[in-house]
Structures are given as structure tokens and as C-alpha cells.
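Before any comments, here is the structure.
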Amino acid sequence: MGAIHHADHGWVTPAVSYFVACLGSFVALRSARWALISKGRTRAVWLLFASTSLGAGIWSMHFIAMLGFSVTGVEISYQPGLTVLSLLVAVAVVGVGLFTVGYWRRRPVLSLLVGGLTTGLGVAAMHYLGMAAMVLPGRLGYDRFTVVLSLVIAVVAATAALWAALNIRGTLAVLAAAPVMGVAVCAMHYTGMAALSVRLDPSRSTQDGVMALQFIFPLGVGLGCYVFFGSLAFAVSPSRPDAQPLLAGPAAPLPPRAPRVPEQRQQQRQRSRPRLDEAGARR
């Protein structure tokens, strides 16, 4: 059995991974809120942006944490195909959950349960697919009870995230909810990692793998920058469509509203009455 270390670089990788998870949660909550007050194609675009942000945040959290994972005496690399597939799975399943609660609003409880179950199982699939992408001279084993516990945490965390997307409003509320979601994402990850065991086997080939610093690190940094600048943009954006951004100048006066149709008809009737009276008097 190989000795496993989950924080080989100290608390740097867990702290950075948690920070990225919080940023992804913040962007997803804000964009999901904008989606719920939008209609048509605009709602779909906001939900897509929320799905990409949260999926990228979860995936980046996973692989940044994996940079601190090591097995004594073993060099770990990753299969690029399965690694990219795990990213696509994360974005897709989060999108399924957000679009479910975003469009199936006639039955909010049922849509929340379906979306939470789908998203949670999908996030867990992303995690274990990312673990399957590891290439090392050994075989991976998992404790079944701990795996089931990680699945339960993933489903509960996903359901809570979707509930927050539906109910939490305002920047301060989102800032308070994002760290809680970050804790849930990290709890699922490290619970799944606690289920792992490695049985070394020098006969297994490791030629198909690519080192994390050559492939995963640049991709993770790119996605992290995407999430960071997305959160920065939302930090200075209004909480409501009619609110003024923090960095904008004084609000311009709104143009006068056009009179409603009933008011226009009433004015036309009032204007026409004297003419009719005069015509009747002449007759």
C-alpha cells in the first residue's frame, strides 16, 4: 500500500482550492439571480454563464486540491482526455440542474429535488472521473461506505446551491452564501479522497500520462482567472436591473412614460364631446 498525502504542499492547495470554489459559487449565484429576472434568450444566456462558472469553479477546486495530492515514492500524471471530459461533465450537470430550476418553476419543490439529485450525482461523477484520469504505477481502491457518504454530501450540497440560486438576493447575501457553498464543495472532495487507497504495482505502465504542471496547472489557472474576473465584474454590478453600478456616474433622468391606452382613449373622448355638443346645438 502506498502512503497517501492530501496536502503535500501544506495548506496552500486546500486554501486556494477553497477560494476558487467560493468565487465560482459567488458568480453562479449572482448570474442565476439575473437569469430568474430575465426572459427568453437572455435567461438562457445567464443560466449558461452560471453553469459554466460553477462547473469551472468545482472542477478547478478539485484539480487545484489534487496538486497537493501525492503517494510516497510515486510520480503521478494525468490522462488529458479524461481530465477534459471531467470538466465538460461538471459544466453539463450543473447546467442541467440550473436550467431545471430556472424553467420548471411551476413545481419548485420537485424541480429543486430533481435538479439537486442530478447535479449532485454529476459532480460526484466529475470527481471520480478526475480520479480515474490519474496515471501511476498502482491500482486505486475505494471504501464503499465513504464513497456513498461523498455522494450524499454532493447531492445535499447541490440541492442547497440550487435553493440558494432561487432564494438568495442581494450582494451581501450572496457573499455570505458563497463561502458556505465552498465548504460543501470541499467537504465532498475530501470525503471522496478519504475513501481512496493505492496499491502499488510497478508493472503498470505510466506512459499515457501528462504531468499536472504541464497540463492541468495552466488550464486550472485559466479557469481560475475566468471565475475571478467574473466575480469582480459582478461585485461592481447592480443587484437589480434598475440599480446603478457602483463604478458608474450619476444616473441619467428617466424619459417620461408614454400614456397608457385607456388614458389616451379617455382624452380623445373628452376632446370629442364639445364638438358633438356644438354640432347638436347647430342642428
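Simple scheme: letters A, B, ... for chains in C-alpha cells order, numbers from 1 for residues in each chain, numbers from 1 for ligands in the order shown.
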
Residues near Leu36 in chain A, anyone? I mean within 8 Å using only C-alpha atoms, not counting same-chain ones fewer than 5 positions away, as a VMD selection string.
chain A and resid 43 102 166

Can you write just those residues out, C-alpha atoms, as a PDB file, in the first residue's frame?
```pdb
ATOM      1  CA  ARG A  43     -32.432  33.940 -19.289  1.00  0.00           C
ATOM      2  CA  GLY A 102     -34.787  28.076 -13.944  1.00  0.00           C
ATOM      3  CA  LEU A 166     -33.595  30.587  -6.303  1.00  0.00           C
TER       4      LEU A 166
END
```

Quick one: pick out all alpha helix (DSSP H) residues within range 4-226 of chain A from a backbone DSSP run and write them as number ranges by chain.
A: 12-36, 40-66, 80-103, 108-132, 144-167, 171-194, 216-226

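Residue nearest Ala164 in chain A within the list A:Met66, A:Leu98, A:Val114, A:Ala44: A:Leu98 [criterion: smallest interatomic distance, only C-alpha atoms].
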
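Relative to CA of Leu151 in chain A, CA of Ile168 in chain A is found at 24.9 Å.
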
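Separating CA of Leu149 in chain A from CA of Leu121 in chain A is a distance of 11.9 Å.
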
For Ile153 in chain A, which of A:Arg139, A:Arg107, A:His189, A:Arg199 is the closest residue, counting only C-alpha atoms?
A:His189

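If you count only C-alpha atoms and ignore residues fewer than 2 places along the chain from Thr118 in chain A, what sits within 9 Å of it is Val93, Val94, Val96, Gly97, Leu113, Val114, Gly115, Gly116, Gly120, Leu121, Gly122, Val123, Val155 and Ala158 of chain A.
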
Got time to write the residues from that selection, C-alpha atoms, as a PDB file, in the first residue's frame?
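selection_35.pdb was written with the following content:
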```pdb
ATOM      1  CA  VAL A  93     -24.536  18.505 -14.971  1.00  0.00           C
ATOM      2  CA  VAL A  94     -24.537  21.884 -13.242  1.00  0.00           C
ATOM      3  CA  VAL A  96     -28.941  20.552 -16.135  1.00  0.00           C
ATOM      4  CA  GLY A  97     -29.674  21.471 -12.534  1.00  0.00           C
ATOM      5  CA  LEU A 113     -35.167  17.831  -5.834  1.00  0.00           C
ATOM      6  CA  VAL A 114     -34.651  16.636  -9.408  1.00  0.00           C
ATOM      7  CA  GLY A 115     -32.062  19.299 -10.146  1.00  0.00           C
ATOM      8  CA  GLY A 116     -30.231  18.699  -6.869  1.00  0.00           C
ATOM      9  CA  GLY A 120     -25.016  16.154  -7.089  1.00  0.00           C
ATOM     10  CA  LEU A 121     -24.531  12.813  -8.805  1.00  0.00           C
ATOM     11  CA  GLY A 122     -22.959  14.593 -11.769  1.00  0.00           C
ATOM     12  CA  VAL A 123     -20.475  16.469  -9.573  1.00  0.00           C
ATOM     13  CA  VAL A 155     -26.447  15.756  -3.536  1.00  0.00           C
ATOM     14  CA  ALA A 158     -26.032  20.658  -4.956  1.00  0.00           C
TER      15      ALA A 158
END
```

May I have a table of the residues of range 55-122 of chain A lying at most 12 Å from range 179-188 of chain A, giving each one's closest pair of atoms and their distance in Å to one decimal, counting only C-alpha atoms, ordered by chain and ascending residue number, as a tab-separated table?
```
residue	atom	partner	partner_atom	distance
A:Gly55	CA	A:Val185	CA	11.1
A:Gly57	CA	A:Gly182	CA	9.5
A:Ile58	CA	A:Val185	CA	7.0
A:Trp59	CA	A:Val185	CA	10.1
A:Ser60	CA	A:Val185	CA	11.2
A:Met61	CA	A:Cys186	CA	7.7
A:His62	CA	A:Cys186	CA	8.1
A:Phe63	CA	A:Cys186	CA	11.5
A:Ile64	CA	A:Cys186	CA	11.2
A:Ala65	CA	A:Cys186	CA	9.0
A:Met66	CA	A:Cys186	CA	11.8
A:Gly120	CA	A:Met188	CA	9.8
A:Leu121	CA	A:Met188	CA	11.2
```

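Computed from the coordinates, the CA of Ala178 in chain A to CA of Leu54 in chain A distance equals 10.9 Å.
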
DSSP says strand (DSSP E or B) for which residues of range 117-205 of chain A? Put them as a PDB file with N, CA and C atoms, in the first residue's frame?
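File written: out.pdb
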```pdb
ATOM      1  N   MET A 134      -5.995   9.770 -13.247  1.00  0.00           N
ATOM      2  CA  MET A 134      -4.640   9.679 -12.707  1.00  0.00           C
ATOM      3  C   MET A 134      -3.906   8.474 -13.277  1.00  0.00           C
ATOM      4  N   VAL A 135      -2.656   8.686 -13.586  1.00  0.00           N
ATOM      5  CA  VAL A 135      -1.792   7.621 -14.089  1.00  0.00           C
ATOM      6  C   VAL A 135      -0.639   7.452 -13.111  1.00  0.00           C
ATOM      7  N   GLY A 138       0.211   1.778 -10.011  1.00  0.00           N
ATOM      8  CA  GLY A 138      -0.553   1.143  -8.958  1.00  0.00           C
ATOM      9  C   GLY A 138      -2.027   1.082  -9.308  1.00  0.00           C
ATOM     10  N   ARG A 139      -2.806   0.547  -8.405  1.00  0.00           N
ATOM     11  CA  ARG A 139      -4.250   0.411  -8.597  1.00  0.00           C
ATOM     12  C   ARG A 139      -4.968   1.192  -7.496  1.00  0.00           C
ATOM     13  N   LEU A 140      -6.055   1.859  -7.900  1.00  0.00           N
ATOM     14  CA  LEU A 140      -6.845   2.642  -6.958  1.00  0.00           C
ATOM     15  C   LEU A 140      -7.961   1.785  -6.377  1.00  0.00           C
ATOM     16  N   GLY A 141      -8.190   1.934  -5.084  1.00  0.00           N
ATOM     17  CA  GLY A 141      -9.299   1.268  -4.418  1.00  0.00           C
ATOM     18  C   GLY A 141     -10.097   2.270  -3.607  1.00  0.00           C
ATOM     19  N   TYR A 142     -11.378   1.959  -3.346  1.00  0.00           N
ATOM     20  CA  TYR A 142     -12.252   2.894  -2.639  1.00  0.00           C
ATOM     21  C   TYR A 142     -13.036   2.155  -1.570  1.00  0.00           C
ATOM     22  N   LEU A 196     -10.103   6.832  -0.751  1.00  0.00           N
ATOM     23  CA  LEU A 196      -9.117   6.307  -1.691  1.00  0.00           C
ATOM     24  C   LEU A 196      -8.011   5.525  -0.987  1.00  0.00           C
ATOM     25  N   SER A 197      -7.594   4.479  -1.639  1.00  0.00           N
ATOM     26  CA  SER A 197      -6.399   3.733  -1.246  1.00  0.00           C
ATOM     27  C   SER A 197      -5.650   3.353  -2.517  1.00  0.00           C
ATOM     28  N   VAL A 198      -4.336   3.251  -2.425  1.00  0.00           N
ATOM     29  CA  VAL A 198      -3.485   2.953  -3.585  1.00  0.00           C
ATOM     30  C   VAL A 198      -2.664   1.716  -3.286  1.00  0.00           C
ATOM     31  N   ARG A 199      -2.774   0.726  -4.175  1.00  0.00           N
ATOM     32  CA  ARG A 199      -1.957  -0.482  -4.089  1.00  0.00           C
ATOM     33  C   ARG A 199      -0.910  -0.411  -5.208  1.00  0.00           C
ATOM     34  N   LEU A 200       0.334  -0.238  -4.837  1.00  0.00           N
ATOM     35  CA  LEU A 200       1.401  -0.049  -5.806  1.00  0.00           C
ATOM     36  C   LEU A 200       1.631  -1.313  -6.623  1.00  0.00           C
TER      37      LEU A 200
END
```

Nearest to Phe99 in chain A, restricted to only C-alpha atoms and choosing among A:Phe49, A:Phe145, A:Phe19, A:Phe69, comes out as A:Phe49

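Minimum distance to Ser53 in chain A across A:Ser38, A:Ser70, A:Ser77, A:Ser25 (counting only C-alpha atoms) occurs at A:Ser25.
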
For Trp34 in chain A, work out the shell of residues within 10 Å, counting only C-alpha atoms and skipping chain neighbours fewer than 2 positions away, then give it as a VMD selection string.
chain A and resid 28 to 32 36 to 39 42 to 43 46 to 47 50 165 169 239 to 241

Print the selection's residues with N, CA and C atoms to a file, as a PDB file, in the first residue's frame.
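Printed below is selection06.pdb as written:
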```pdb
ATOM      1  N   ALA A  28     -21.874  32.146  -9.818  1.00  0.00           N
ATOM      2  CA  ALA A  28     -23.049  31.356 -10.200  1.00  0.00           C
ATOM      3  C   ALA A  28     -24.312  31.892  -9.535  1.00  0.00           C
ATOM      4  N   LEU A  29     -24.240  32.255  -8.254  1.00  0.00           N
ATOM      5  CA  LEU A  29     -25.414  32.764  -7.562  1.00  0.00           C
ATOM      6  C   LEU A  29     -25.874  34.091  -8.140  1.00  0.00           C
ATOM      7  N   ARG A  30     -24.931  34.984  -8.432  1.00  0.00           N
ATOM      8  CA  ARG A  30     -25.313  36.275  -8.979  1.00  0.00           C
ATOM      9  C   ARG A  30     -25.904  36.141 -10.379  1.00  0.00           C
ATOM     10  N   SER A  31     -25.266  35.348 -11.234  1.00  0.00           N
ATOM     11  CA  SER A  31     -25.771  35.194 -12.595  1.00  0.00           C
ATOM     12  C   SER A  31     -27.085  34.422 -12.612  1.00  0.00           C
ATOM     13  N   ALA A  32     -27.264  33.468 -11.680  1.00  0.00           N
ATOM     14  CA  ALA A  32     -28.540  32.759 -11.605  1.00  0.00           C
ATOM     15  C   ALA A  32     -29.657  33.702 -11.188  1.00  0.00           C
ATOM     16  N   LEU A  36     -33.166  34.624 -13.297  1.00  0.00           N
ATOM     17  CA  LEU A  36     -34.543  34.490 -12.836  1.00  0.00           C
ATOM     18  C   LEU A  36     -35.376  35.738 -13.081  1.00  0.00           C
ATOM     19  N   ILE A  37     -34.730  36.898 -13.228  1.00  0.00           N
ATOM     20  CA  ILE A  37     -35.475  38.121 -13.507  1.00  0.00           C
ATOM     21  C   ILE A  37     -35.407  38.493 -14.977  1.00  0.00           C
ATOM     22  N   SER A  38     -34.921  37.579 -15.799  1.00  0.00           N
ATOM     23  CA  SER A  38     -34.843  37.800 -17.242  1.00  0.00           C
ATOM     24  C   SER A  38     -35.803  36.856 -17.946  1.00  0.00           C
ATOM     25  N   LYS A  39     -35.981  37.074 -19.225  1.00  0.00           N
ATOM     26  CA  LYS A  39     -36.892  36.253 -20.012  1.00  0.00           C
ATOM     27  C   LYS A  39     -36.243  35.900 -21.347  1.00  0.00           C
ATOM     28  N   THR A  42     -32.285  35.823 -23.045  1.00  0.00           N
ATOM     29  CA  THR A  42     -31.430  36.400 -22.011  1.00  0.00           C
ATOM     30  C   THR A  42     -31.347  35.479 -20.802  1.00  0.00           C
ATOM     31  N   ARG A  43     -32.458  34.878 -20.417  1.00  0.00           N
ATOM     32  CA  ARG A  43     -32.432  33.940 -19.289  1.00  0.00           C
ATOM     33  C   ARG A  43     -31.540  32.750 -19.599  1.00  0.00           C
ATOM     34  N   TRP A  46     -27.842  33.760 -19.269  1.00  0.00           N
ATOM     35  CA  TRP A  46     -27.406  33.894 -17.882  1.00  0.00           C
ATOM     36  C   TRP A  46     -27.266  32.532 -17.212  1.00  0.00           C
ATOM     37  N   LEU A  47     -28.195  31.626 -17.462  1.00  0.00           N
ATOM     38  CA  LEU A  47     -28.092  30.276 -16.895  1.00  0.00           C
ATOM     39  C   LEU A  47     -26.876  29.535 -17.438  1.00  0.00           C
ATOM     40  N   ALA A  50     -23.930  30.931 -15.610  1.00  0.00           N
ATOM     41  CA  ALA A  50     -23.899  30.401 -14.246  1.00  0.00           C
ATOM     42  C   ALA A  50     -23.402  28.961 -14.227  1.00  0.00           C
ATOM     43  N   ALA A 165     -29.649  29.645  -5.254  1.00  0.00           N
ATOM     44  CA  ALA A 165     -29.797  30.368  -6.514  1.00  0.00           C
ATOM     45  C   ALA A 165     -31.217  30.881  -6.701  1.00  0.00           C
ATOM     46  N   ARG A 169     -31.005  36.846  -2.488  1.00  0.00           N
ATOM     47  CA  ARG A 169     -30.964  38.078  -3.256  1.00  0.00           C
ATOM     48  C   ARG A 169     -29.994  39.056  -2.602  1.00  0.00           C
ATOM     49  N   SER A 239     -27.509  45.013  -8.088  1.00  0.00           N
ATOM     50  CA  SER A 239     -28.238  43.836  -7.632  1.00  0.00           C
ATOM     51  C   SER A 239     -29.582  43.697  -8.322  1.00  0.00           C
ATOM     52  N   ARG A 240     -30.084  44.822  -8.891  1.00  0.00           N
ATOM     53  CA  ARG A 240     -31.363  44.807  -9.592  1.00  0.00           C
ATOM     54  C   ARG A 240     -31.161  45.416 -10.962  1.00  0.00           C
ATOM     55  N   PRO A 241     -32.010  45.100 -11.923  1.00  0.00           N
ATOM     56  CA  PRO A 241     -31.847  45.664 -13.254  1.00  0.00           C
ATOM     57  C   PRO A 241     -31.927  47.173 -13.273  1.00  0.00           C
TER      58      PRO A 241
END
```
